[in-house]
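S.K.: Next comes the structure file upload_35.pdb, holding PDB, C-alpha atoms.
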MODEL        1
ATOM      1  CA  MET A   1      -7.329 -24.699  -0.969
ATOM      2  CA  LEU A   2      -6.855 -21.237  -2.473
ATOM      3  CA  ILE A   3      -5.690 -18.427  -0.195
ATOM      4  CA  GLY A   4      -5.398 -14.759  -1.161
ATOM      5  CA  LEU A   5      -2.289 -13.004   0.162
ATOM      6  CA  ILE A   6      -2.140  -9.231   0.488
ATOM      7  CA  SER A   7      -0.146  -6.673   2.443
ATOM      8  CA  ASP A   8       0.592  -2.977   2.743
ATOM      9  CA  THR A   9      -2.705  -1.668   1.381
ATOM     10  CA  HIS A  10      -2.409   1.716   3.144
ATOM     11  CA  ILE A  11      -6.048   2.695   2.501
ATOM     12  CA  PRO A  12      -6.928   5.616   2.725
ATOM     13  CA  ASP A  13      -3.639   7.163   3.870
ATOM     14  CA  ARG A  14      -1.767   6.530   0.614
ATOM     15  CA  MET A  15      -4.501   5.487  -1.817
ATOM     16  CA  LYS A  16      -8.284   5.900  -1.802
ATOM     17  CA  GLU A  17      -9.285   2.295  -2.486
ATOM     18  CA  LEU A  18      -8.027  -1.110  -3.524
ATOM     19  CA  PRO A  19      -7.642  -1.687  -7.262
ATOM     20  CA  GLU A  20     -10.572  -3.642  -8.725
ATOM     21  CA  LYS A  21      -8.095  -6.268  -9.965
ATOM     22  CA  VAL A  22      -7.507  -7.327  -6.330
ATOM     23  CA  PHE A  23     -11.145  -8.426  -6.083
ATOM     24  CA  GLU A  24     -10.910 -10.176  -9.465
ATOM     25  CA  ALA A  25      -7.745 -12.016  -8.377
ATOM     26  CA  PHE A  26      -9.354 -13.136  -5.100
ATOM     27  CA  LYS A  27     -12.779 -14.141  -6.496
ATOM     28  CA  ASP A  28     -12.205 -17.893  -5.965
ATOM     29  CA  VAL A  29     -10.188 -17.850  -2.728
ATOM     30  CA  GLU A  30     -11.443 -19.529   0.437
ATOM     31  CA  MET A  31      -9.436 -17.347   2.835
ATOM     32  CA  ILE A  32      -7.508 -14.063   2.723
ATOM     33  CA  LEU A  33      -4.389 -13.326   4.779
ATOM     34  CA  HIS A  34      -3.441  -9.657   5.184
ATOM     35  CA  ALA A  35       0.122  -9.096   6.419
ATOM     36  CA  GLY A  36      -0.447  -5.650   7.888
ATOM     37  CA  ASP A  37      -0.483  -1.936   7.152
ATOM     38  CA  VAL A  38      -4.188  -2.199   6.433
ATOM     39  CA  THR A  39      -4.732   1.281   7.992
ATOM     40  CA  SER A  40      -8.533   1.040   7.673
ATOM     41  CA  GLN A  41     -11.114  -1.423   8.973
ATOM     42  CA  GLU A  42     -13.060  -0.823   5.708
ATOM     43  CA  VAL A  43     -10.354  -2.713   3.789
ATOM     44  CA  ILE A  44     -10.955  -5.795   5.925
ATOM     45  CA  GLU A  45     -14.724  -5.436   5.545
ATOM     46  CA  LYS A  46     -14.463  -5.164   1.721
ATOM     47  CA  LEU A  47     -12.197  -8.223   1.550
ATOM     48  CA  GLU A  48     -14.550 -10.172   3.857
ATOM     49  CA  GLU A  49     -17.222  -9.839   1.149
ATOM     50  CA  ILE A  50     -15.057 -12.333  -0.770
ATOM     51  CA  ALA A  51     -13.778 -14.678   1.960
ATOM     52  CA  PRO A  52     -12.891 -14.755   5.673
ATOM     53  CA  VAL A  53      -9.926 -12.480   6.447
ATOM     54  CA  THR A  54      -7.108 -12.914   8.936
ATOM     55  CA  ALA A  55      -5.301  -9.589   9.287
ATOM     56  CA  ILE A  56      -2.406  -8.650  11.527
ATOM     57  CA  GLN A  57      -1.044  -5.310  12.675
ATOM     58  CA  GLY A  58       1.599  -3.430  10.750
ATOM     59  CA  ASN A  59       3.608  -0.428  11.869
ATOM     60  CA  THR A  60       1.199   2.138  10.383
ATOM     61  CA  ASP A  61      -1.785   0.288  11.862
ATOM     62  CA  ARG A  62      -0.376   1.076  15.298
ATOM     63  CA  ILE A  63      -0.099   4.748  14.363
ATOM     64  CA  VAL A  64      -3.768   4.960  13.263
ATOM     65  CA  GLY A  65      -4.941   2.886  16.255
ATOM     66  CA  LEU A  66      -6.174  -0.177  14.345
ATOM     67  CA  ASP A  67      -6.405  -2.924  16.952
ATOM     68  CA  LEU A  68      -5.168  -6.098  15.277
ATOM     69  CA  PRO A  69      -3.010  -8.963  16.584
ATOM     70  CA  LYS A  70       0.732  -8.773  15.901
ATOM     71  CA  THR A  71       0.872 -12.336  14.560
ATOM     72  CA  ALA A  72      -1.502 -15.064  13.467
ATOM     73  CA  VAL A  73      -1.175 -18.753  12.681
ATOM     74  CA  VAL A  74      -3.738 -20.562  10.527
ATOM     75  CA  GLU A  75      -3.846 -24.151   9.310
ATOM     76  CA  ALA A  76      -4.597 -25.192   5.747
ATOM     77  CA  GLU A  77      -4.292 -28.694   4.328
ATOM     78  CA  GLU A  78      -2.184 -29.801   7.326
ATOM     79  CA  LEU A  79       0.291 -26.936   6.888
ATOM     80  CA  LYS A  80       0.760 -24.138   9.407
ATOM     81  CA  ILE A  81       0.881 -20.636   7.944
ATOM     82  CA  GLY A  82       2.195 -17.746  10.012
ATOM     83  CA  VAL A  83       1.290 -14.135   9.266
ATOM     84  CA  ILE A  84       3.439 -11.235  10.499
ATOM     85  CA  HIS A  85       4.150  -7.765   9.200
ATOM     86  CA  GLY A  86       7.876  -8.463   8.994
ATOM     87  CA  GLU A  87       9.372  -5.432  10.672
ATOM     88  CA  VAL A  88      12.957  -6.589  10.378
ATOM     89  CA  TYR A  89      15.922  -4.480   9.404
ATOM     90  CA  PRO A  90      17.336  -4.563   6.870
ATOM     91  CA  ARG A  91      13.875  -4.874   5.319
ATOM     92  CA  ALA A  92      12.941  -8.376   4.129
ATOM     93  CA  ASP A  93      16.035  -9.957   5.706
ATOM     94  CA  THR A  94      15.425 -13.654   5.115
ATOM     95  CA  GLN A  95      17.516 -14.865   8.041
ATOM     96  CA  GLN A  96      15.465 -12.858  10.540
ATOM     97  CA  LEU A  97      12.174 -13.825   8.852
ATOM     98  CA  HIS A  98      13.253 -17.472   9.028
ATOM     99  CA  TYR A  99      13.894 -17.138  12.771
ATOM    100  CA  LEU A 100      10.444 -15.573  13.228
ATOM    101  CA  ALA A 101       8.902 -18.488  11.319
ATOM    102  CA  LYS A 102      10.705 -20.906  13.627
ATOM    103  CA  GLN A 103       9.406 -19.041  16.695
ATOM    104  CA  LEU A 104       5.855 -19.390  15.342
ATOM    105  CA  ASP A 105       6.551 -23.040  14.399
ATOM    106  CA  VAL A 106       5.115 -22.642  10.877
ATOM    107  CA  ASP A 107       5.739 -24.200   7.473
ATOM    108  CA  ILE A 108       4.958 -20.992   5.574
ATOM    109  CA  LEU A 109       5.493 -17.408   6.714
ATOM    110  CA  VAL A 110       3.590 -14.575   5.030
ATOM    111  CA  SER A 111       4.992 -11.110   5.700
ATOM    112  CA  GLY A 112       4.878  -7.614   4.275
ATOM    113  CA  HIS A 113       6.577  -4.311   5.164
ATOM    114  CA  SER A 114       9.039  -4.230   2.250
ATOM    115  CA  HIS A 115       6.314  -3.521  -0.356
ATOM    116  CA  GLN A 116       8.183  -5.909  -2.682
ATOM    117  CA  PRO A 117       6.938  -9.348  -3.716
ATOM    118  CA  LYS A 118       9.164 -12.277  -2.870
ATOM    119  CA  VAL A 119       8.985 -16.051  -2.549
ATOM    120  CA  GLU A 120      11.956 -17.840  -1.056
ATOM    121  CA  LYS A 121      12.518 -21.204   0.576
ATOM    122  CA  VAL A 122      14.912 -21.090   3.534
ATOM    123  CA  GLU A 123      15.668 -24.567   4.824
ATOM    124  CA  ASP A 124      12.222 -26.042   5.527
ATOM    125  CA  VAL A 125      10.234 -22.767   5.586
ATOM    126  CA  LEU A 126       8.614 -21.005   2.635
ATOM    127  CA  LEU A 127       8.866 -17.215   3.055
ATOM    128  CA  ILE A 128       6.281 -15.230   1.093
ATOM    129  CA  ASN A 129       5.755 -11.499   0.692
ATOM    130  CA  PRO A 130       2.846 -10.559  -1.611
ATOM    131  CA  GLY A 131       4.151  -7.013  -2.150
ATOM    132  CA  SER A 132       1.690  -4.115  -2.170
ATOM    133  CA  PRO A 133      -1.354  -3.624  -4.424
ATOM    134  CA  THR A 134      -1.251   0.134  -3.879
ATOM    135  CA  VAL A 135       2.226   1.492  -3.046
ATOM    136  CA  PRO A 136       4.971  -0.924  -4.143
ATOM    137  CA  ARG A 137       8.641  -0.083  -3.845
ATOM    138  CA  LEU A 138      10.499  -0.590  -7.123
ATOM    139  CA  ALA A 139       7.992  -3.276  -8.135
ATOM    140  CA  ASP A 140       4.611  -3.823  -9.746
ATOM    141  CA  ARG A 141       1.437  -3.537  -7.673
ATOM    142  CA  THR A 142       0.803  -7.130  -6.627
ATOM    143  CA  VAL A 143      -1.059  -9.691  -4.556
ATOM    144  CA  MET A 144      -0.506 -13.459  -4.480
ATOM    145  CA  ILE A 145      -2.589 -16.597  -4.613
ATOM    146  CA  LEU A 146      -1.357 -19.471  -2.461
ATOM    147  CA  GLU A 147      -2.655 -22.870  -3.531
ATOM    148  CA  ILE A 148      -2.259 -25.798  -1.158
ATOM    149  CA  ASN A 149      -3.270 -29.280  -2.252
ATOM    150  CA  LYS A 150      -2.328 -32.168   0.066
ATOM    151  CA  LYS A 151       0.780 -30.315   1.306
ATOM    152  CA  GLU A 152       1.770 -29.407  -2.267
ATOM    153  CA  VAL A 153       2.246 -25.642  -2.436
ATOM    154  CA  ASP A 154       2.070 -23.312  -5.431
ATOM    155  CA  VAL A 155       2.339 -19.522  -5.309
ATOM    156  CA  GLU A 156       1.066 -17.252  -8.078
ATOM    157  CA  LEU A 157       2.071 -13.602  -8.320
ATOM    158  CA  VAL A 158      -0.803 -11.482  -9.646
ATOM    159  CA  LYS A 159      -0.094  -8.012 -11.007
ATOM    160  CA  VAL A 160      -2.960  -5.675 -10.151
ATOM    161  CA  GLY A 161      -1.472  -2.456 -11.515
ATOM    162  CA  SER A 162       1.522  -0.721 -12.995
ATOM    163  CA  PRO A 163       4.620   0.065 -10.980
ATOM    164  CA  ILE A 164       4.679   3.510  -9.432
ATOM    165  CA  CYS A 165       7.306   5.734  -7.938
ATOM    166  CA  SER A 166       5.920   8.094  -5.316
ATOM    167  CA  SER A 167       8.872  10.429  -5.939
ATOM    168  CA  LEU A 168       7.639  10.939  -9.488
ATOM    169  CA  ASP A 169       3.954  11.305  -8.584
ATOM    170  CA  LEU A 170       3.602  14.985  -9.334
ATOM    171  CA  THR A 171      -0.178  14.927  -8.786
ATOM    172  CA  ARG A 172       0.408  15.460  -5.076
ATOM    173  CA  PHE A 173       1.706  18.972  -5.741
ATOM    174  CA  LYS A 174      -0.830  21.711  -6.336
ATOM    175  CA  HIS A 175      -0.113  24.069  -9.219
TER     176      HIS A 175
ENDMDL
END
Will you turn the file into structure tokens for me?
M.R.:
Amino acid sequence: MLIGLISDTHIPDRMKELPEKVFEAFKDVEMILHAGDVTSQEVIEKLEEIAPVTAIQGNTDRIVGLDLPKTAVVEAEELKIGVIHGEVYPRADTQQLHYLAKQLDVDILVSGHSHQPKVEKVEDVLLINPGSPTVPRLADRTVMILEINKKEVDVELVKVGSPICSSLDLTRFKH
């Protein structure tokens, strides 16, 4: 089974639309998991043109009033996959994410919030953050493809754009 992983899209508050490479990367997936900060129902609708989407609420989704669940658990090939936004501090703290995975009783935990891609195994849990396809932090714009085949798991990082630094984006200033 192929699953598209995405997080922190921030459409349209930080970028107008998803990069076309996201749709190319997800063309063969059977399911898409969005780990929050969607900020627009249109993002979910566009992704659902490819495959069914499970999306959860991130911190900016609450601000814009997007009504999504805080967590989700889906099953694929006899593995349980949890989806959370990952609002832990310090950001992306693996110990706290591991505890959240244990609370959800999952084999794999997909989170976002840090805007940085990461794959790390902590004890018996695989922690995955697909990064952000629109506003990464000190990273490339990315999504991930999770492949599960009879409990064998493979994760592919897909670059969908160049790294950006919002501090150096001078286009936001009018001359």
S.K.: For a quick check of understanding, using all atoms listed in the file, which of A:Leu5, A:Ile128, A:Leu97, A:Ala55 has the smallest distance to A:Gln41?
M.R.: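 So, comparing all the options, the nearest one is A:Ala55.
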S.K.: Could you write out as a list of chain:residue names the residues that the PyMOL selection byres ((chain A and resi 105) around 12) matches in the shown file?
M.R.: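 Checked against the file, the PyMOL selection byres ((chain A and resi 105) around 12) matches A:Ala72, A:Val73, A:Val74, A:Glu75, A:Leu79, A:Lys80, A:Ile81, A:Gly82, A:Val83, A:His98, A:Tyr99, A:Leu100, A:Ala101, A:Lys102, A:Gln103, A:Leu104, A:Val106, A:Asp107, A:Ile108, A:Leu109, A:Asp124, A:Val125.
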S.K.: Would you mind reading off the distance between atom CA of A:Lys159 and atom CA of A:Gly65, one decimal, in Å?
M.R.: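 Interatomic distance, atom CA of A:Lys159 to atom CA of A:Gly65: 29.8 Å.
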S.K.: Taking only C-alpha atoms into account, name the residue in A:Glu24, A:Glu17, A:Asp67, A:Glu30 that is nearest to A:Val53.
M.R.: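 Going through A:Glu24, A:Glu17, A:Asp67, A:Glu30 one by one, the smallest distance to A:Val53 is for A:Glu30.
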S.K.: Evaluate the PyMOL selection byres ((chain A and resi 118) around 7) here and jot the selected residues down as a PyMOL selection string.
M.R.: chain A and resi 116-117+119-120+128-130
S.K.: Quick one: everything within 6 Å of A:Gly36, counting all atoms listed in the file, minus sequence neighbours fewer than 2 positions away in the same chain. Send it as a list of chain:residue names.
M.R.: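 Once the nearby chain positions are removed, what remains is A:Ser7, A:Asp8, A:His34, A:Val38, A:Ile56, A:Gln57, A:Gly58, A:His85.
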S.K.: Suppose you want the space between atom CA of A:Val135 and atom CA of A:Asp28; what is it in Å?
M.R.: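 Taking atom CA of A:Val135 and atom CA of A:Asp28, their separation equals 24.3 Å.
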S.K.: Figure out the distance between atom CA of A:Lys151 and atom CA of A:Glu123, please, to one decimal in Å.
M.R.: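 Between atom CA of A:Glu123 and atom CA of A:Lys151 the gap works out to 16.3 Å.
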S.K.: Which residues, written as a list in words, have at least one atom at most 10 Å from A:Lys150, with all atoms listed in the file counted and residues fewer than 4 positions away on the same chain left out?
M.R.: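 The residues satisfying every condition are Met1, Ala76, Glu77, Glu78 and Leu79 of chain A.
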S.K.: Kindly indicate which residue among A:Ile148, A:Leu68, A:Arg141, A:His113 lies nearest to A:Gly161, using only C-alpha atoms for the distances.
M.R.: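 The closest residue to A:Gly161 is A:Arg141.
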S.K.: I'd like the contact shell of A:Leu157 - 7 Å cut-off, all atoms listed in the file, skipping same-chain residues fewer than 5 positions apart - returned as a PyMOL selection string.
M.R.: chain A and resi 142-145
S.K.: Take the residues from that selection and write them out as a PDB file, keeping the file's coordinate frame, keeping C-alpha atoms.
M.R.:
ATOM      1  CA  THR A 142       0.803  -7.130  -6.627  1.00  0.00           C
ATOM      2  CA  VAL A 143      -1.059  -9.691  -4.556  1.00  0.00           C
ATOM      3  CA  MET A 144      -0.506 -13.459  -4.480  1.00  0.00           C
ATOM      4  CA  ILE A 145      -2.589 -16.597  -4.613  1.00  0.00           C
TER       5      ILE A 145
END
S.K.: For A:Leu66, work out the shell of residues within 7 Å, counting only C-alpha atoms and skipping chain neighbours fewer than 4 positions away, then give it as a list in words.
M.R.: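 Counting only the stated atoms, we get Thr39, Asp61 and Arg62 of chain A.
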S.K.: Which is closest to A:Lys70 among A:Ser111, A:Glu49, A:Leu18, A:Arg91, if we use all atoms listed in the file?
M.R.: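 The shortest atom-to-atom distance to A:Lys70 comes from A:Ser111.
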S.K.: With distances taken over all atoms listed in the file, which of A:Pro52, A:Gly86, A:Pro19, A:Pro12 is nearest to A:Leu127?
M.R.: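 Looking at the shortest contact to A:Leu127, the residue is A:Gly86.
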S.K.: Go through the shown structure with the PyMOL selection byres ((chain A and resi 155) around 6) and write out the matching residues as number ranges by chain.
M.R.: A: 145-146, 154, 156
S.K.: Looking at all atoms listed in the file, which of A:Thr134, A:Thr54, A:Thr9, A:Asn149 is the one that sits closest to A:Ser162?
M.R.: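 Once distances to A:Ser162 are computed over all atoms listed in the file, the minimum belongs to A:Thr134.
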S.K.: How big is the axis-aligned box around the listed atoms of stretch 91-105 of chain A once 4 Å is added on each side, and where is its centre? Give both in Å to one decimal, as JSON.
M.R.:
{"center_x": 11.7, "center_y": -14.0, "center_z": 10.4, "size_x": 19.7, "size_y": 26.2, "size_z": 20.6}
